[in-house]
Structures are given as structure tokens and as C-alpha cells.
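> Below are the C-alpha cells for one structure; questions will follow.
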Amino acid sequence: MNDSLFYFFVYVWIGVALISFPVIIRIIAPYGRHTSSKWGAMINNRAGWIIMESPALLVFAGFYLFGNAQHTIATWVFFGLWMFHYINRTLIFPFRLRTKGKKMPLMIVFMALLFNLVNGFINGYYLGSLATIYTQVWLTDPRFTIGIILFISGMYINWKSDDILIHLRKPGETGYIIPTGRLFRYISCPNHFGEIIEWMGFAIMTWSTPGLAFFVWTVVNLLPRALHHHKWYKDTFTSYPTKRKAVIPFVL
């Protein structure tokens, strides 16, 4: 692909995210606690999750590994962090969920499939075929240091928060419970907050347009989701902590 065409595509992709945000923030995505059959055919929740996350793992890996740019230590680090996240997200996390019998709309699977396909492609292709700035010196660049700290911190927050949510109920219990502990003391969705921080770190660490695009799309997808979760908690539980914010401690 021509470099100019590639970057034009990435800028258009960012533009689509920004244009979509006012629409997405008004629509409650019908999966998880908001699942609705009004969106058409349904699929097993676990199978749907694996299918929709797979492109971010496979497409990214393919375009990076078979790209014609030199693979430096820095790009291998980027590759390793991305793969570490998505191996967990695609092959481990779905089997930890206690979602027996639950389903999600196929429409959501297809939309997420497109999201992961494009983001996997633009980042894998960039790092595998276009990236030329990541020499040994990049490993001592402040952007790399700040970015990797944010990435690892965000991943830790995301995983720990998911772990709390997964173990809220004892085996056999049903219904929803107010999560507590760690960042749940301050926000309703620290798992989303952690993932936003994680991909902000990736964008800074790579200092790339594709990395920025993925971060923008992460915010566009997860910020509305967190706000909808927060409202659901407040509407469902009369005892919900009034000072708890949705996704950014003390702010939003």
C-alpha cells in the first residue's frame, strides 16, 4: 500500500471515530447487563467474544510478522505488549467469564469485528512495514518510558478490576452486586479506565498515527459504555455511592 494512501485511511478512520462519538454516546450497546434481543439474531456470549476479538490478535500479528520493515527491539516490544493484551482478551478472558447461557447480538459481534480488524491492520501494517524510527535509541526516549509505564499500569488496573467483577458472585449466585475495593471506591468502571490508560500509553510509546487512532477509538467506545454503566448502577441500586464517578476518578 502507498504510504500516503495508508495515512489518509488512518486519518479518515480517526475522523469516523470523532463523527460517531455523538451517536455512540446516545446508544446503549446491547450486550452484558444491557443485552437486548431487539438488535436481531443472538450468539453465545463466549463464542461472540472470541470471534470479535480475534482480528486484533491475528491480523495485527500477520501484518507485523510478514511486513518488510526491519523488526527492531523496540517494535518487538510493541508487538509483545499488544499480543500479551490480546491473547488474554481473546483466549483467556472469555473462559473466565461466568456467562453460562448468556448471549449477545450478532450485530455487536460484527461491529466489534470491524473495529478490531481495522485497528489490527493499521497498527500491524505500520509497525511491520512502515516503522523506521524505532532504533536502539528509541528505548531511552522519554516517550517510550512514559508510554510503557502507562501501558503496564493501565493493563494492571484493567485486569485487577475485571478480576473483581468476575468474582463478585459466588458459584451458583445470580443477580448484580455493587463492586467495591481498589478503584471501585472512586469510579464505576475502573476496567474501562485502565484500558483507556493502557492504549494512551501505546499511542505515546509508539508516537504514531495508528496508535493515536486506536486510542481515540478506545475512548469513543469505552467512555459512553462507562457512562451507561454508571447510570445503570445508580438507577438499579438506591444505596449506590453518591460520590463515585463513572470512569475518571473525581472528574467524570
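Identifiers in this document derive from the order of the C-alpha cells: chains are assigned A, B, ..., residues are numbered from 1 separately in each chain, and ligands are numbered from 1 in order of occurrence.
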With a distance cut-off of 10 Å and only C-alpha atoms, select the neighbouring residues of Ser129 (chain A), excluding the residue or stretch itself and same-chain residues fewer than 3 positions from it, and output the selection as an MDAnalysis selection string.
chainID A and resid 1 3 63:71 123:126 132
> For region 127-177 of chain A versus region 212-235 of chain A, which residues have an atom no more than 12 Å away, and what is each residue's nearest atom pair and distance in Å rounded to one decimal, using only C-alpha atoms, chain-then-number order, as a Markdown table?

| residue | atom | partner | partner_atom | distance |
| --- | --- | --- | --- | --- |
| A:Phe151 | CA | A:Phe215 | CA | 11.5 |
| A:Tyr176 | CA | A:Tyr233 | CA | 9.4 |
| A:Ile177 | CA | A:Tyr233 | CA | 9.4 |
> With N, CA and C atoms retained, write the just-selected residues as a PDB file, in the first residue's frame.

ATOM      1  N   PHE A 151       1.137   2.023  29.807  1.00  0.00           N
ATOM      2  CA  PHE A 151       0.563   0.785  29.261  1.00  0.00           C
ATOM      3  C   PHE A 151       0.473  -0.296  30.332  1.00  0.00           C
ATOM      4  N   TYR A 176     -27.021  -8.926  40.203  1.00  0.00           N
ATOM      5  CA  TYR A 176     -25.898  -7.992  40.173  1.00  0.00           C
ATOM      6  C   TYR A 176     -25.611  -7.446  41.564  1.00  0.00           C
ATOM      7  N   ILE A 177     -24.343  -7.188  41.809  1.00  0.00           N
ATOM      8  CA  ILE A 177     -23.859  -6.718  43.106  1.00  0.00           C
ATOM      9  C   ILE A 177     -23.014  -5.474  42.882  1.00  0.00           C
TER      10      ILE A 177
END
> Name all residues at most 12 Å from Leu127 (chain A) (count only C-alpha atoms; drop same-chain ones fewer than 6 positions away) and give them as a ChimeraX atom specification.
/A:60-80,82,120-121,133-134,206-211
> Restrict the selected residues to N, CA and C atoms and save them as a tab-separated table (two decimals), in the first residue's frame.

chain	number	residue	atom	x	y	z
A	60	PHE	N	-3.21	-8.22	13.34
A	60	PHE	CA	-2.04	-7.46	13.79
A	60	PHE	C	-0.77	-8.31	13.68
A	61	ALA	N	-0.83	-9.54	14.19
A	61	ALA	CA	0.35	-10.41	14.16
A	61	ALA	C	0.79	-10.69	12.73
A	62	GLY	N	-0.16	-10.96	11.84
A	62	GLY	CA	0.19	-11.27	10.46
A	62	GLY	C	0.87	-10.12	9.75
A	63	PHE	N	0.31	-8.92	9.87
A	63	PHE	CA	0.89	-7.77	9.18
A	63	PHE	C	2.23	-7.36	9.78
A	64	TYR	N	2.40	-7.58	11.08
A	64	TYR	CA	3.70	-7.26	11.67
A	64	TYR	C	4.76	-8.28	11.25
A	65	LEU	N	4.46	-9.55	11.46
A	65	LEU	CA	5.46	-10.60	11.23
A	65	LEU	C	5.86	-10.71	9.77
A	66	PHE	N	4.94	-10.44	8.85
A	66	PHE	CA	5.24	-10.59	7.42
A	66	PHE	C	5.48	-9.26	6.73
A	67	GLY	N	5.63	-8.19	7.52
A	67	GLY	CA	5.96	-6.89	6.96
A	67	GLY	C	7.41	-6.84	6.50
A	68	ASN	N	7.70	-5.86	5.65
A	68	ASN	CA	9.06	-5.80	5.08
A	68	ASN	C	9.98	-4.81	5.76
A	69	ALA	N	9.52	-4.18	6.85
A	69	ALA	CA	10.40	-3.28	7.60
A	69	ALA	C	11.26	-4.09	8.56
A	70	GLN	N	12.38	-3.50	8.97
A	70	GLN	CA	13.25	-4.18	9.92
A	70	GLN	C	12.56	-4.25	11.28
A	71	HIS	N	12.59	-5.42	11.88
A	71	HIS	CA	12.00	-5.59	13.20
A	71	HIS	C	13.07	-5.33	14.26
A	72	THR	N	12.95	-4.20	14.92
A	72	THR	CA	13.94	-3.82	15.94
A	72	THR	C	13.48	-4.27	17.32
A	73	ILE	N	14.33	-4.08	18.30
A	73	ILE	CA	13.96	-4.43	19.68
A	73	ILE	C	12.71	-3.67	20.10
A	74	ALA	N	12.65	-2.39	19.74
A	74	ALA	CA	11.50	-1.57	20.13
A	74	ALA	C	10.21	-2.09	19.52
A	75	THR	N	10.23	-2.42	18.21
A	75	THR	CA	8.98	-2.90	17.60
A	75	THR	C	8.60	-4.28	18.13
A	76	TRP	N	9.60	-5.08	18.51
A	76	TRP	CA	9.27	-6.35	19.14
A	76	TRP	C	8.61	-6.13	20.50
A	77	VAL	N	9.04	-5.09	21.21
A	77	VAL	CA	8.40	-4.75	22.49
A	77	VAL	C	6.94	-4.37	22.25
A	78	PHE	N	6.70	-3.49	21.25
A	78	PHE	CA	5.33	-3.09	20.92
A	78	PHE	C	4.49	-4.31	20.56
A	79	PHE	N	5.07	-5.17	19.72
A	79	PHE	CA	4.39	-6.39	19.29
A	79	PHE	C	4.06	-7.27	20.50
A	80	GLY	N	5.03	-7.45	21.38
A	80	GLY	CA	4.83	-8.31	22.54
A	80	GLY	C	3.75	-7.80	23.48
A	82	TRP	N	1.21	-5.74	22.72
A	82	TRP	CA	-0.09	-5.88	22.03
A	82	TRP	C	-0.59	-7.33	22.11
A	120	GLY	N	-6.33	-3.59	14.11
A	120	GLY	CA	-5.27	-4.58	14.00
A	120	GLY	C	-4.45	-4.37	12.74
A	121	PHE	N	-5.15	-4.06	11.63
A	121	PHE	CA	-4.46	-3.83	10.36
A	121	PHE	C	-3.57	-2.59	10.41
A	133	ILE	N	11.64	4.56	12.58
A	133	ILE	CA	12.24	5.46	13.58
A	133	ILE	C	12.66	4.73	14.86
A	134	TYR	N	12.27	3.46	14.99
A	134	TYR	CA	12.48	2.77	16.26
A	134	TYR	C	13.83	2.06	16.33
A	206	THR	N	4.56	4.50	21.00
A	206	THR	CA	4.88	4.37	19.57
A	206	THR	C	4.95	5.73	18.88
A	207	TRP	N	4.32	6.74	19.48
A	207	TRP	CA	4.26	8.09	18.91
A	207	TRP	C	3.87	8.03	17.44
A	208	SER	N	2.77	7.30	17.19
A	208	SER	CA	2.36	7.02	15.82
A	208	SER	C	0.90	7.39	15.59
A	209	THR	N	0.58	7.69	14.34
A	209	THR	CA	-0.81	7.99	13.97
A	209	THR	C	-1.72	6.78	14.16
A	210	PRO	N	-1.32	5.56	13.77
A	210	PRO	CA	-2.17	4.40	14.04
A	210	PRO	C	-2.40	4.17	15.54
A	211	GLY	N	-1.35	4.39	16.35
A	211	GLY	CA	-1.51	4.26	17.79
A	211	GLY	C	-2.49	5.29	18.32
> Tell me which of A:Thr135, A:Ser161, A:Ser54, A:Ser153 sits closest to Leu114 (chain A), counting only C-alpha atoms.
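Counting only C-alpha atoms, the residue closest to Leu114 (chain A) is A:Ser54.
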> A:Phe6, A:Phe21, A:Phe93, A:Trp49: which is nearest Asn116 (chain A), counting only C-alpha atoms?
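For Asn116 (chain A), the nearest of the given residues is A:Trp49.
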> Could you name the residues that touch region 142-146 of chain A at 8 Å or less, counting only C-alpha atoms, but leaving out those on the same chain fewer than 3 positions away, as a JSON list (two decimals) with N, CA and C atoms, in the first residue's frame?

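File result_21.json, as written:
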[["chain", "number", "residue", "atom", "x", "y", "z"],
["A", 138, "TRP", "N", 15.52, 4.64, 20.60],
["A", 138, "TRP", "CA", 14.12, 4.84, 20.98],
["A", 138, "TRP", "C", 13.83, 4.27, 22.37],
["A", 139, "LEU", "N", 14.57, 3.25, 22.76],
["A", 139, "LEU", "CA", 14.35, 2.61, 24.06],
["A", 139, "LEU", "C", 14.69, 3.53, 25.23],
["A", 149, "ILE", "N", 5.19, 2.74, 30.84],
["A", 149, "ILE", "CA", 4.69, 2.82, 32.23],
["A", 149, "ILE", "C", 3.17, 2.93, 32.23],
["A", 150, "LEU", "N", 2.64, 3.80, 31.37],
["A", 150, "LEU", "CA", 1.19, 3.95, 31.29],
["A", 150, "LEU", "C", 0.53, 2.66, 30.81],
["A", 201, "GLY", "N", -1.03, 4.85, 26.63],
["A", 201, "GLY", "CA", 0.38, 4.52, 26.76],
["A", 201, "GLY", "C", 0.95, 3.98, 25.46],
["A", 204, "ILE", "N", 1.49, 6.87, 23.03],
["A", 204, "ILE", "CA", 2.66, 7.67, 23.41],
["A", 204, "ILE", "C", 3.95, 6.89, 23.14],
["A", 205, "MET", "N", 3.94, 5.62, 23.49],
["A", 205, "MET", "CA", 5.11, 4.76, 23.35],
["A", 205, "MET", "C", 5.55, 4.63, 21.89],
["A", 206, "THR", "N", 4.56, 4.50, 21.00],
["A", 206, "THR", "CA", 4.88, 4.37, 19.57],
["A", 206, "THR", "C", 4.95, 5.73, 18.88],
["A", 207, "TRP", "N", 4.32, 6.74, 19.48],
["A", 207, "TRP", "CA", 4.26, 8.09, 18.91],
["A", 207, "TRP", "C", 3.87, 8.03, 17.44]]
> How would you write, as an MDAnalysis selection string, the set of residues in region 6-208 of chain A that DSSP gives as strand (DSSP E)?
chainID A and resid 42:44 103:105
> Could you please write out, as a ChimeraX atom specification, every residue of region 6-226 of chain A that DSSP assigns to helix (DSSP H, G or I)?
/A:6-24,32-34,37-39,45-65,73-96,106-130,136-140,142-166,182-185,190-206,209-226
> Skip Arg185 (chain A) itself and residues of its chain fewer than 3 positions away, then list as an mmCIF file with N, CA and C atoms, in the first residue's frame all residues within 10 Å of it, counting only C-alpha atoms.

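Dumped to result12.cif:
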data_model
loop_
_atom_site.group_PDB
_atom_site.id
_atom_site.type_symbol
_atom_site.label_atom_id
_atom_site.label_comp_id
_atom_site.auth_asym_id
_atom_site.auth_seq_id
_atom_site.Cartn_x
_atom_site.Cartn_y
_atom_site.Cartn_z
ATOM 1 N N PRO A 179 -19.889 -3.502 42.969
ATOM 2 C CA PRO A 179 -18.467 -3.830 43.151
ATOM 3 C C PRO A 179 -17.800 -2.834 44.100
ATOM 4 N N THR A 180 -16.854 -3.328 44.869
ATOM 5 C CA THR A 180 -16.124 -2.483 45.817
ATOM 6 C C THR A 180 -14.646 -2.829 45.783
ATOM 7 N N GLY A 181 -13.842 -1.975 46.404
ATOM 8 C CA GLY A 181 -12.410 -2.233 46.502
ATOM 9 C C GLY A 181 -11.616 -1.585 45.389
ATOM 10 N N ARG A 182 -10.364 -1.310 45.670
ATOM 11 C CA ARG A 182 -9.450 -0.685 44.712
ATOM 12 C C ARG A 182 -10.092 0.568 44.102
ATOM 13 N N SER A 188 -17.106 3.810 38.763
ATOM 14 C CA SER A 188 -17.908 2.621 38.493
ATOM 15 C C SER A 188 -17.222 1.646 37.544
ATOM 16 N N PRO A 190 -13.523 1.048 36.591
ATOM 17 C CA PRO A 190 -12.056 1.118 36.523
ATOM 18 C C PRO A 190 -11.468 0.195 35.463
ATOM 19 N N PRO A 241 -23.029 4.389 45.961
ATOM 20 C CA PRO A 241 -22.241 5.523 46.476
ATOM 21 C C PRO A 241 -22.421 6.788 45.629
ATOM 22 N N LYS A 243 -20.815 9.619 45.662
ATOM 23 C CA LYS A 243 -19.607 10.334 45.263
ATOM 24 C C LYS A 243 -18.807 9.590 44.189
ATOM 25 N N ARG A 244 -19.203 8.378 43.887
ATOM 26 C CA ARG A 244 -18.483 7.583 42.894
ATOM 27 C C ARG A 244 -18.740 8.150 41.491
ATOM 28 N N LYS A 245 -17.668 8.374 40.725
ATOM 29 C CA LYS A 245 -17.793 8.852 39.356
ATOM 30 C C LYS A 245 -17.902 7.673 38.399
ATOM 31 N N PRO A 249 -11.553 9.157 38.049
ATOM 32 C CA PRO A 249 -11.690 9.499 39.464
ATOM 33 C C PRO A 249 -11.800 11.011 39.705
#
> What does the distance between CA of Gly128 (chain A) and CA of Leu58 (chain A) come to in Å, to one decimal place?
13.5 Å
> Using only C-alpha atoms, can you tell me which of A:His85, A:Arg98, A:Ile43, A:Ile248 comes closest to Leu168 (chain A)?
A:Arg98
> Can you tell me how far CA of Ala112 (chain A) sits from CA of Ile157 (chain A), in Å to one decimal?
22.5 Å
